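> For reference, the file coords-v9.txt (compact mmCIF, C-alpha atoms) is included below:
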# COMPACT_ATOMS: atom_id res chain seq x y z
CA MET A 1 -4.86 -36.34 23.20
CA ALA A 2 -1.87 -38.24 21.87
CA ALA A 3 -3.62 -38.66 18.52
CA GLU A 4 -4.23 -34.87 18.39
CA LYS A 5 -0.60 -34.16 19.08
CA ALA A 6 0.54 -36.73 16.51
CA GLU A 7 -1.69 -35.08 13.92
CA MET A 8 -0.33 -31.60 14.73
CA ASP A 9 3.23 -32.91 14.56
CA ALA A 10 2.55 -34.46 11.17
CA LEU A 11 1.07 -31.21 9.87
CA LYS A 12 4.00 -29.22 11.22
CA LYS A 13 6.46 -31.63 9.62
CA GLU A 14 4.70 -31.31 6.29
CA CYS A 15 4.75 -27.48 6.58
CA ASP A 16 8.46 -27.48 7.32
CA GLY A 17 9.11 -29.79 4.39
CA LEU A 18 7.07 -27.68 1.97
CA ARG A 19 8.72 -24.48 3.14
CA ALA A 20 12.14 -25.99 2.56
CA GLN A 21 11.04 -27.04 -0.95
CA ILE A 22 9.84 -23.52 -1.71
CA GLU A 23 13.08 -21.99 -0.45
CA ALA A 24 15.07 -24.40 -2.60
CA ALA A 25 12.95 -23.55 -5.65
CA ARG A 26 13.51 -19.83 -5.03
CA LYS A 27 17.22 -20.33 -4.62
CA ALA A 28 17.39 -22.35 -7.83
CA VAL A 29 16.16 -19.39 -9.90
CA ASN A 30 18.14 -16.78 -8.00
CA ASP A 31 20.95 -16.31 -10.50
CA SER A 32 21.30 -12.54 -10.02
CA SER A 33 20.15 -9.69 -7.79
CA MET A 34 19.02 -6.21 -8.84
CA SER A 35 22.57 -4.91 -8.59
CA GLY A 36 23.40 -7.10 -11.57
CA ALA A 37 20.73 -5.48 -13.75
CA ALA A 38 21.22 -1.97 -12.35
CA GLY A 39 24.99 -1.89 -12.65
CA GLY A 40 25.08 0.00 -15.93
CA VAL A 41 22.29 2.44 -15.08
CA ALA A 42 23.20 6.09 -14.45
CA SER A 43 22.68 7.45 -10.96
CA VAL A 44 19.69 9.75 -10.37
CA GLY A 45 21.91 12.04 -8.35
CA ARG A 46 20.52 13.89 -5.36
CA VAL A 47 16.72 14.25 -5.61
CA GLN A 48 15.79 17.61 -4.17
CA LEU A 49 12.07 18.25 -4.29
CA LYS A 50 10.63 21.57 -3.16
CA LEU A 51 7.75 22.04 -0.76
CA ARG A 52 5.04 23.64 -2.90
CA LYS A 53 2.10 23.82 -0.52
CA THR A 54 1.21 23.07 3.08
CA LEU A 55 -2.47 22.22 3.48
CA LYS A 56 -3.78 23.35 6.84
CA GLY A 57 -7.21 22.51 8.13
CA HIS A 58 -7.18 19.38 10.22
CA LEU A 59 -7.08 19.81 14.00
CA ALA A 60 -5.51 16.50 14.95
CA LYS A 61 -3.27 13.73 13.61
CA ILE A 62 -3.71 12.83 9.97
CA TYR A 63 -3.82 9.07 9.51
CA ALA A 64 -4.50 8.60 5.81
CA MET A 65 -4.78 10.29 2.44
CA HIS A 66 -5.68 9.17 -1.08
CA TRP A 67 -5.48 10.94 -4.43
CA SER A 68 -8.46 11.13 -6.73
CA ALA A 69 -7.99 9.59 -10.19
CA ASP A 70 -8.09 13.15 -11.61
CA SER A 71 -4.71 13.85 -9.94
CA ARG A 72 -6.09 17.13 -8.63
CA GLN A 73 -8.47 16.32 -5.75
CA MET A 74 -7.29 14.48 -2.72
CA VAL A 75 -9.00 13.22 0.44
CA SER A 76 -7.41 13.18 3.89
CA ALA A 77 -8.60 11.64 7.17
CA SER A 78 -7.81 12.88 10.64
CA GLN A 79 -8.65 11.81 14.14
CA ASP A 80 -10.28 15.23 14.51
CA GLY A 81 -13.23 13.25 13.12
CA LYS A 82 -13.26 14.68 9.62
CA LEU A 83 -12.47 13.77 6.06
CA LEU A 84 -11.39 16.77 4.00
CA ILE A 85 -11.46 16.84 0.22
CA TRP A 86 -8.92 19.26 -1.19
CA ASP A 87 -8.29 20.93 -4.52
CA THR A 88 -4.51 20.59 -4.48
CA PHE A 89 -4.01 23.13 -7.27
CA THR A 90 -5.54 25.96 -5.24
CA GLY A 91 -5.13 24.54 -1.75
CA ASN A 92 -8.87 25.02 -1.14
CA LYS A 93 -11.02 22.65 0.88
CA LEU A 94 -13.92 21.48 -1.28
CA VAL A 95 -15.87 19.21 1.05
CA ALA A 96 -15.76 18.32 4.74
CA VAL A 97 -17.26 14.98 5.76
CA PRO A 98 -18.01 14.66 9.49
CA LEU A 99 -17.36 11.13 10.76
CA LYS A 100 -19.49 9.22 13.28
CA SER A 101 -16.31 7.76 14.70
CA ALA A 102 -13.21 9.94 14.99
CA TRP A 103 -10.86 6.94 15.18
CA VAL A 104 -10.23 6.79 11.47
CA MET A 105 -7.29 4.84 10.04
CA SER A 106 -7.95 4.70 6.33
CA VAL A 107 -9.55 6.69 3.53
CA ALA A 108 -10.12 6.05 -0.17
CA PHE A 109 -11.36 7.93 -3.23
CA ALA A 110 -13.44 6.00 -5.77
CA PRO A 111 -12.02 6.13 -9.32
CA SER A 112 -15.22 7.92 -10.45
CA GLY A 113 -14.65 10.70 -7.92
CA ASN A 114 -18.27 10.30 -6.72
CA LEU A 115 -17.56 8.37 -3.52
CA VAL A 116 -15.10 8.29 -0.65
CA ALA A 117 -14.79 5.64 2.06
CA SER A 118 -13.22 5.60 5.48
CA GLY A 119 -12.96 3.42 8.56
CA GLY A 120 -10.89 2.63 11.60
CA LEU A 121 -11.43 1.51 15.17
CA ASP A 122 -15.18 1.34 14.58
CA ASN A 123 -14.43 -1.89 12.59
CA MET A 124 -16.57 -0.52 9.76
CA CYS A 125 -16.02 0.89 6.32
CA THR A 126 -18.40 3.78 5.66
CA VAL A 127 -18.98 4.92 2.08
CA TYR A 128 -20.07 8.52 1.39
CA ASN A 129 -21.53 10.13 -1.70
CA ILE A 130 -19.67 13.45 -1.94
CA LYS A 131 -21.47 14.67 -5.04
CA ALA A 132 -24.72 15.17 -3.13
CA ALA A 133 -25.54 18.68 -1.86
CA SER A 134 -24.02 17.67 1.44
CA PRO A 135 -22.06 14.43 1.99
CA LYS A 136 -24.45 11.54 2.38
CA THR A 137 -23.70 8.14 3.94
CA LEU A 138 -24.32 5.55 1.24
CA ARG A 139 -23.35 2.36 3.08
CA GLU A 140 -21.98 1.20 6.39
CA LEU A 141 -20.06 -2.04 5.75
CA ASP A 142 -20.14 -3.78 9.09
CA ALA A 143 -18.79 -7.32 9.40
CA HIS A 144 -15.12 -7.13 10.26
CA THR A 145 -14.35 -8.10 13.84
CA GLY A 146 -11.26 -5.91 13.98
CA TYR A 147 -10.24 -2.38 13.00
CA LEU A 148 -10.32 -1.24 9.40
CA SER A 149 -6.72 -0.52 8.38
CA CYS A 150 -7.12 0.04 4.64
CA CYS A 151 -9.78 0.32 1.96
CA ARG A 152 -9.68 0.70 -1.84
CA PHE A 153 -12.52 1.05 -4.37
CA LEU A 154 -12.55 -1.09 -7.50
CA SER A 155 -15.49 0.94 -8.81
CA ASP A 156 -18.61 2.63 -7.44
CA SER A 157 -20.03 -0.84 -6.78
CA GLU A 158 -17.13 -2.76 -5.22
CA ILE A 159 -14.65 -2.02 -2.45
CA LEU A 160 -11.82 -4.01 -0.89
CA THR A 161 -11.02 -3.71 2.82
CA ALA A 162 -8.16 -4.91 5.06
CA SER A 163 -8.71 -5.44 8.77
CA GLY A 164 -7.07 -6.01 12.12
CA ASP A 165 -9.17 -9.21 12.26
CA THR A 166 -6.49 -10.63 9.82
CA THR A 167 -8.84 -10.82 6.84
CA CYS A 168 -9.38 -8.76 3.71
CA CYS A 169 -12.82 -8.53 2.18
CA LEU A 170 -14.43 -7.69 -1.15
CA TRP A 171 -17.81 -5.98 -0.69
CA ASP A 172 -20.73 -5.40 -3.02
CA LEU A 173 -21.79 -1.79 -2.52
CA GLU A 174 -25.22 -2.28 -4.09
CA THR A 175 -26.21 -4.81 -1.39
CA GLY A 176 -23.76 -3.77 1.32
CA LYS A 177 -22.79 -7.42 1.76
CA GLN A 178 -19.48 -9.29 1.73
CA LYS A 179 -18.77 -11.05 -1.58
CA ILE A 180 -15.46 -12.73 -0.77
CA ILE A 181 -13.43 -13.02 2.42
CA PHE A 182 -9.70 -13.48 2.02
CA THR A 183 -8.31 -15.51 4.91
CA ASN A 184 -4.71 -16.58 5.25
CA HIS A 185 -2.77 -13.98 7.25
CA ILE A 186 -2.13 -14.80 10.90
CA GLY A 187 -1.62 -11.21 11.95
CA ASP A 188 -3.57 -7.94 11.59
CA CYS A 189 -3.78 -6.84 7.95
CA MET A 190 -2.35 -3.34 7.76
CA SER A 191 -2.34 -2.39 4.11
CA LEU A 192 -3.51 -3.43 0.67
CA ALA A 193 -2.98 -2.40 -2.95
CA LEU A 194 -4.96 -3.26 -6.09
CA SER A 195 -3.29 -4.32 -9.33
CA GLY A 196 -3.86 -2.13 -12.37
CA ASP A 197 -6.00 -4.79 -14.07
CA MET A 198 -7.95 -5.39 -10.83
CA ASN A 199 -7.52 -9.16 -11.09
CA THR A 200 -5.23 -9.35 -8.08
CA PHE A 201 -4.34 -7.44 -4.95
CA ILE A 202 -1.58 -7.54 -2.38
CA SER A 203 -1.79 -7.27 1.40
CA GLY A 204 0.78 -6.61 4.12
CA ALA A 205 0.23 -7.72 7.70
CA CYS A 206 1.57 -7.85 11.24
CA ASP A 207 2.65 -11.45 10.61
CA SER A 208 5.47 -9.76 8.59
CA LEU A 209 4.20 -11.38 5.38
CA ALA A 210 3.00 -9.90 2.10
CA LYS A 211 0.44 -11.94 0.16
CA LEU A 212 -0.76 -11.83 -3.44
CA TRP A 213 -4.43 -12.74 -3.89
CA ASP A 214 -6.63 -13.67 -6.85
CA LEU A 215 -9.50 -11.21 -6.46
CA ARG A 216 -12.16 -13.34 -8.14
CA GLU A 217 -11.17 -16.81 -6.88
CA GLY A 218 -10.55 -15.55 -3.36
CA THR A 219 -7.32 -17.51 -3.03
CA CYS A 220 -3.84 -16.56 -1.90
CA LYS A 221 -1.44 -17.15 -4.80
CA GLN A 222 1.91 -16.21 -3.32
CA THR A 223 3.45 -15.34 0.07
CA PHE A 224 6.53 -13.18 0.55
CA SER A 225 8.58 -13.29 3.73
CA GLY A 226 11.75 -11.60 4.92
CA HIS A 227 10.54 -8.70 7.01
CA THR A 228 11.07 -9.13 10.72
CA SER A 229 8.18 -6.99 11.86
CA ASP A 230 4.77 -5.64 10.81
CA ILE A 231 4.36 -4.61 7.19
CA ASN A 232 2.58 -1.24 7.33
CA ALA A 233 2.70 -0.22 3.69
CA ILE A 234 2.47 -2.01 0.37
CA SER A 235 2.32 -0.99 -3.27
CA PHE A 236 2.59 -2.52 -6.73
CA PHE A 237 5.56 -1.53 -8.85
CA PRO A 238 4.01 0.25 -11.89
CA SER A 239 4.65 -2.66 -14.28
CA GLY A 240 2.56 -4.84 -11.99
CA ASN A 241 5.31 -7.47 -11.78
CA ALA A 242 6.75 -6.51 -8.42
CA VAL A 243 5.61 -5.42 -5.00
CA ILE A 244 7.21 -2.89 -2.63
CA THR A 245 6.67 -3.19 1.13
CA GLY A 246 7.51 -0.96 4.09
CA SER A 247 7.83 -2.30 7.62
CA ASP A 248 8.27 -1.55 11.31
CA ASP A 249 11.64 -3.29 10.91
CA CYS A 250 12.77 0.05 9.34
CA SER A 251 13.26 -1.37 5.87
CA CYS A 252 11.49 -1.51 2.55
CA LYS A 253 11.76 -4.44 0.18
CA MET A 254 10.97 -5.16 -3.46
CA TYR A 255 9.59 -8.62 -4.13
CA ASP A 256 9.42 -9.80 -7.73
CA LEU A 257 6.21 -11.73 -8.48
CA ARG A 258 7.49 -14.02 -11.20
CA SER A 259 10.65 -15.17 -9.44
CA ASP A 260 8.63 -15.25 -6.21
CA GLN A 261 11.28 -13.58 -4.02
CA GLU A 262 12.92 -10.46 -2.71
CA VAL A 263 15.20 -8.89 -5.31
CA ILE A 264 16.41 -5.82 -3.42
CA GLY A 265 16.11 -4.24 0.03
CA TYR A 266 16.14 -0.61 1.13
CA GLN A 267 17.67 -0.02 4.53
CA ASP A 268 20.26 2.20 6.12
CA THR A 269 21.94 1.77 9.50
CA SER A 270 21.27 5.43 10.26
CA LEU A 271 17.52 4.91 9.79
CA ASN A 272 16.08 3.52 12.99
CA ALA A 273 12.45 4.37 12.46
CA GLY A 274 9.59 2.23 11.17
CA VAL A 275 8.16 2.76 7.70
CA THR A 276 4.55 3.92 7.84
CA SER A 277 3.67 4.51 4.20
CA LEU A 278 5.09 4.43 0.71
CA ALA A 279 4.45 5.57 -2.86
CA LEU A 280 6.33 5.23 -6.14
CA SER A 281 7.08 7.78 -8.84
CA ASN A 282 5.49 6.95 -12.20
CA SER A 283 8.51 5.26 -13.79
CA GLY A 284 9.07 3.25 -10.61
CA ARG A 285 12.57 4.70 -10.19
CA LEU A 286 11.86 6.52 -6.92
CA ILE A 287 10.29 5.18 -3.74
CA PHE A 288 8.91 7.75 -1.32
CA ALA A 289 8.75 6.15 2.12
CA GLY A 290 7.26 7.87 5.15
CA TYR A 291 8.92 7.06 8.47
CA ASP A 292 8.30 7.51 12.19
CA ASP A 293 11.34 9.86 12.23
CA PHE A 294 9.13 12.70 10.84
CA ASN A 295 10.67 12.43 7.36
CA CYS A 296 9.82 10.94 4.02
CA HIS A 297 13.00 9.39 2.62
CA ILE A 298 13.49 8.91 -1.10
CA TRP A 299 15.07 5.70 -2.38
CA ASP A 300 16.49 4.83 -5.81
CA SER A 301 14.55 1.61 -6.42
CA LEU A 302 17.22 0.19 -8.77
CA LYS A 303 20.36 0.93 -6.81
CA GLY A 304 18.96 0.61 -3.31
CA GLU A 305 20.43 3.95 -2.23
CA LYS A 306 18.84 6.78 -0.33
CA VAL A 307 18.80 9.74 -2.74
CA GLY A 308 16.83 12.40 -0.95
CA VAL A 309 14.55 13.38 1.90
CA LEU A 310 11.38 15.40 2.31
CA SER A 311 11.79 17.20 5.62
CA GLY A 312 9.37 19.59 7.15
CA HIS A 313 6.85 17.73 9.24
CA ASP A 314 6.96 18.08 13.02
CA ASN A 315 5.72 14.60 13.71
CA ARG A 316 5.48 11.12 12.18
CA VAL A 317 4.72 10.97 8.43
CA SER A 318 1.68 8.68 8.43
CA CYS A 319 0.72 8.68 4.76
CA THR A 320 2.30 9.28 1.38
CA GLY A 321 0.78 9.34 -2.09
CA VAL A 322 1.69 10.08 -5.70
CA PRO A 323 -1.20 10.97 -8.05
CA GLU A 324 -1.78 9.03 -11.27
CA ASP A 325 -0.16 11.71 -13.43
CA GLY A 326 2.97 11.49 -11.28
CA MET A 327 3.22 15.27 -10.94
CA GLY A 328 4.07 15.40 -7.28
CA VAL A 329 4.04 13.65 -3.95
CA CYS A 330 1.81 14.35 -0.96
CA THR A 331 2.84 13.58 2.62
CA GLY A 332 0.43 13.63 5.56
CA SER A 333 1.50 13.73 9.17
CA TRP A 334 0.53 13.43 12.81
CA ASP A 335 1.44 17.16 12.91
CA SER A 336 -2.01 17.68 11.24
CA PHE A 337 -0.60 19.04 7.96
CA LEU A 338 -0.39 17.72 4.42
CA LYS A 339 2.47 18.83 2.23
CA LEU A 340 2.80 18.77 -1.54
CA TRP A 341 6.24 18.39 -3.08
CA ASN A 342 7.76 18.22 -6.56
CA MET B 1 -20.12 -16.98 1.53
CA PRO B 2 -19.61 -18.34 5.06
CA VAL B 3 -18.08 -15.90 7.46
CA ILE B 4 -14.91 -17.40 8.85
CA ASN B 5 -14.23 -15.92 12.22
CA VAL B 6 -10.48 -16.27 12.58
CA GLU B 7 -10.78 -16.28 16.37
CA ASP B 8 -12.82 -19.51 16.15
CA LEU B 9 -10.13 -21.42 14.25
CA THR B 10 -8.38 -24.08 16.32
CA GLU B 11 -4.63 -24.59 16.19
CA LYS B 12 -5.25 -27.65 14.00
CA ASP B 13 -7.47 -25.61 11.62
CA LYS B 14 -4.71 -23.05 11.29
CA ALA B 15 -2.08 -25.72 10.66
CA GLN B 16 -4.30 -27.33 8.04
CA MET B 17 -4.86 -23.96 6.37
CA GLU B 18 -1.11 -23.41 6.31
CA VAL B 19 -0.35 -26.84 4.82
CA SER B 20 -3.04 -26.36 2.20
CA GLN B 21 -1.60 -22.97 1.25
CA LEU B 22 1.97 -24.25 1.07
CA ARG B 23 0.91 -27.21 -1.09
CA ASN B 24 -0.45 -24.66 -3.58
CA GLU B 25 2.53 -22.33 -3.43
CA VAL B 26 5.10 -25.09 -3.94
CA LYS B 27 3.65 -25.68 -7.44
CA LEU B 28 4.43 -22.14 -8.67
CA GLU B 29 6.66 -21.81 -11.75
CA ARG B 30 9.44 -19.40 -10.89
CA TRP B 31 11.38 -17.25 -13.36
CA LEU B 32 15.08 -16.47 -13.17
CA THR B 33 15.75 -13.36 -11.08
CA SER B 34 18.22 -12.10 -13.70
CA LYS B 35 15.43 -11.91 -16.28
CA CYS B 36 12.99 -10.34 -13.83
CA CYS B 37 15.42 -7.67 -12.62
CA GLU B 38 16.35 -6.87 -16.22
CA GLU B 39 12.67 -6.33 -17.03
CA ILE B 40 12.19 -4.06 -14.03
CA LYS B 41 15.21 -2.03 -15.05
CA ASP B 42 13.95 -1.82 -18.66
CA TYR B 43 10.52 -0.69 -17.48
CA ILE B 44 12.05 2.10 -15.43
CA GLN B 45 14.41 3.22 -18.20
CA ALA B 46 11.49 3.42 -20.63
CA GLY B 47 9.61 5.83 -18.36
CA VAL B 48 12.25 7.76 -16.44
CA GLU B 49 12.63 10.64 -18.92
CA GLU B 50 8.94 11.54 -18.47
CA ASP B 51 9.02 11.01 -14.70
CA ILE B 52 8.45 14.51 -13.27
CA LEU B 53 9.71 13.55 -9.83
CA VAL B 54 13.05 12.46 -11.31
CA LYS B 55 13.46 15.07 -14.05
CA GLY B 56 11.69 18.09 -12.59
CA ILE B 57 9.09 20.39 -14.11
CA PRO B 58 9.34 23.95 -15.45
CA GLU B 59 7.81 26.50 -13.07
CA GLU B 60 5.07 27.62 -15.46
CA LYS B 61 3.84 24.04 -15.97
CA ASN B 62 3.77 23.16 -12.27
CA PRO B 63 0.14 22.67 -11.12
CA PHE B 64 1.15 22.84 -7.45
CA LYS B 65 3.12 26.05 -7.52
CA GLU B 66 2.02 28.80 -5.17
CA LYS B 67 -0.03 31.37 -7.00
CA GLY B 68 0.00 35.06 -6.28
CA GLY B 69 2.39 37.86 -7.02
CA CYS B 70 1.95 40.83 -9.32
CA VAL B 71 0.45 40.83 -12.79
CA VAL B 72 1.33 43.63 -15.15
CA CYS B 73 -1.75 44.54 -17.17
Let me see the file written as structure tokens.

Amino acid sequence: MAAEKAEMDALKKECDGLRAQIEAARKAVNDSSMSGAAGGVASVGRVQLKLRKTLKGHLAKIYAMHWSADSRQMVSASQDGKLLIWDTFTGNKLVAVPLKSAWVMSVAFAPSGNLVASGGLDNMCTVYNIKAASPKTLRELDAHTGYLSCCRFLSDSEILTASGDTTCCLWDLETGKQKIIFTNHIGDCMSLALSGDMNTFISGACDSLAKLWDLREGTCKQTFSGHTSDINAISFFPSGNAVITGSDDCSCKMYDLRSDQEVIGYQDTSLNAGVTSLALSNSGRLIFAGYDDFNCHIWDSLKGEKVGVLSGHDNRVSCTGVPEDGMGVCTGSWDSFLKLWN
Amino acid sequence: MPVINVEDLTEKDKAQMEVSQLRNEVKLERWLTSKCCEEIKDYIQAGVEEDILVKGIPEEKNPFKEKGGCVVC
């Protein structure tokens, strides 16, 4: 027993020592914050986007949405037990996918537009072919021991999932089997985002950490701390060199990958609601963050100031997304509606 | 690929995993934040003029605008 304890103490001491070294290394390169670089940049002024469409059709809370790569179709998931695929230009519903389990938490569109995936409290990720005459279940990916919080396709043959069991997983859709399991978080994984080159991905978890992973090696490359509560939302900055996170601690943060630290935070004393979702405009200048206070607040990513708000939902904004062409922003809410703004 | 069930990991396993991870992370080469922030700012400046959500879009080019109204033939 004493030997066990001595071993644990030694490990803990080594951890503390290594963490101190890492903090010192970060401090040593921290010669300037974002305010230094952003000082000379002109203000964006007040960003006032108009509500262009309200998409009605779901009968219960919307938990997730994802744009198609064509920037026109979009899929939404609701606990009414349905996925709806929308033509956002006309507002029409194109396809309705009935779910076996209504407790859905995540949805994804494959880049090809042929497949969608969803999952939630059933601990599974189900992949559907939506190009068939009627939506057909292609695969049920069943190995996580906790809820499915997020999923993203790499292609029609690979998908990445994040789970409440604290792991993320890369699946082979041809075999339906796990290829790589990413283990390192010590809290439920809540969100993930793929890098543009698909060599890496980032995850945010209830351990308040964001982690950068090598997709092929299966290893965690970097860990970002600072949040004081669950990270619910995560996204790459469009250049791929930074990561934006949104948390239950009511703040968003930008972590730079190459200096391995936070370079700017986005918080406001008047904002006392957790961040549920986030999306960036194409240049990276604007951050659209959905909050529990029923609004989507708009932040100037360079100056760290709140520059606008998308108001109109009657309940929590649960999901936010900007299409690839950057033409607008979609918000989805527990009020059962999706709204399109630009 | 062995399935690691996180619930089966002992406290010692978790501590070992953490030490292993930190040993890797401590080796990372870190860039100056001034250079990194400058690059982020430059990236944004290069794209902001074409950023619809910052600059706006003329009504007739807006794919999301509400259709309807009268058409004079």
> Counting all atoms listed in the file, what is within 12 Å of Phe64 (chain B), bar same-chain residues fewer than 6 positions away, as a list of chain:residue names?
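Using all atoms listed in the file, the neighbours found are A:Lys50, A:Leu51, A:Arg52, A:Lys53, A:Thr54, A:Leu55, A:Ser71, A:Arg72, A:Gln73, A:Asp87, A:Thr88, A:Phe89, A:Thr90, A:Gly91, A:Met327, A:Gly328, A:Val329, A:Cys330, A:Lys339, A:Leu340, A:Trp341, A:Asn342, B:Ile57, B:Pro58.
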> Can you pull out every residue within 8 Å of Leu22 (chain B), counting all atoms listed in the file, but drop anything in the same chain fewer than 2 positions away, and send it as a ChimeraX atom specification?
/A:15,18-19 /B:18-20,24-26
> Any chance you can output those residues with C-alpha atoms as a PDB file, in the frame of the given file?

ATOM      1  CA  CYS A  15       4.750 -27.480   6.580  1.00  0.00           C
ATOM      2  CA  LEU A  18       7.070 -27.680   1.970  1.00  0.00           C
ATOM      3  CA  ARG A  19       8.720 -24.480   3.140  1.00  0.00           C
TER       4      ARG A  19
ATOM      5  CA  GLU B  18      -1.110 -23.410   6.310  1.00  0.00           C
ATOM      6  CA  VAL B  19      -0.350 -26.840   4.820  1.00  0.00           C
ATOM      7  CA  SER B  20      -3.040 -26.360   2.200  1.00  0.00           C
ATOM      8  CA  ASN B  24      -0.450 -24.660  -3.580  1.00  0.00           C
ATOM      9  CA  GLU B  25       2.530 -22.330  -3.430  1.00  0.00           C
ATOM     10  CA  VAL B  26       5.100 -25.090  -3.940  1.00  0.00           C
TER      11      VAL B  26
END
> Up to 6 Å from chain B, what residues of chain A turn up? Count all atoms listed in the file and give them as a count of residues only.
17
> Counting only C-alpha atoms, write as a list of chain:residue names all protein and nucleic acid residues lying at most 8 Å from (-14.6, 7.7, 13.2) in the file's frame.
A:Gln79, A:Gly81, A:Lys82, A:Leu99, A:Lys100, A:Ser101, A:Ala102, A:Trp103, A:Val104, A:Gly119, A:Gly120, A:Leu121, A:Asp122
> In Å to one decimal, how far is CA of Thr276 (chain A) from CA of Leu302 (chain A)?
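CA of Thr276 (chain A) lies at a distance of 21.2 Å from CA of Leu302 (chain A).
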> As a ChimeraX atom specification, please: the residues near Gly265 (chain A) (cut-off 7 Å, all atoms listed in the file, same-chain neighbours under 3 positions excluded).
/A:252-254,304
> Which residues, written as a list in words, have at least one atom at most 7 Å from His297 (chain A), with all atoms listed in the file counted and residues fewer than 4 positions away on the same chain left out?
Phe288, Ala289, Gly290, Gly308, Val309 and Leu310 of chain A
> Tell me, in Å to one decimal, how far CA of Leu49 (chain A) is from CA of Asp300 (chain A).
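Distance between the two atoms: 14.2 Å.
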> Suppose you want the space between CA of Tyr147 (chain A) and CA of Leu170 (chain A); what is it in Å?
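Rounded to one decimal, the two atoms are 15.7 Å apart.
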> Within 10 Å of (3.2, -5.5, -13.6) in the file's own coordinates, which protein, DNA or RNA residues have an atom, counting all atoms listed in the file? List them as number ranges by chain.
A: 195-197, 236-243, 256-258; B: 40, 43
> Would you kindly return, as an NGL selection string, each protein, DNA or RNA residue with an atom no farther than 7 Å from any atom of Asp230 (chain A), considering all atoms listed in the file and excluding same-chain residues fewer than 6 positions away?
:A and (205-208 or 247-248)
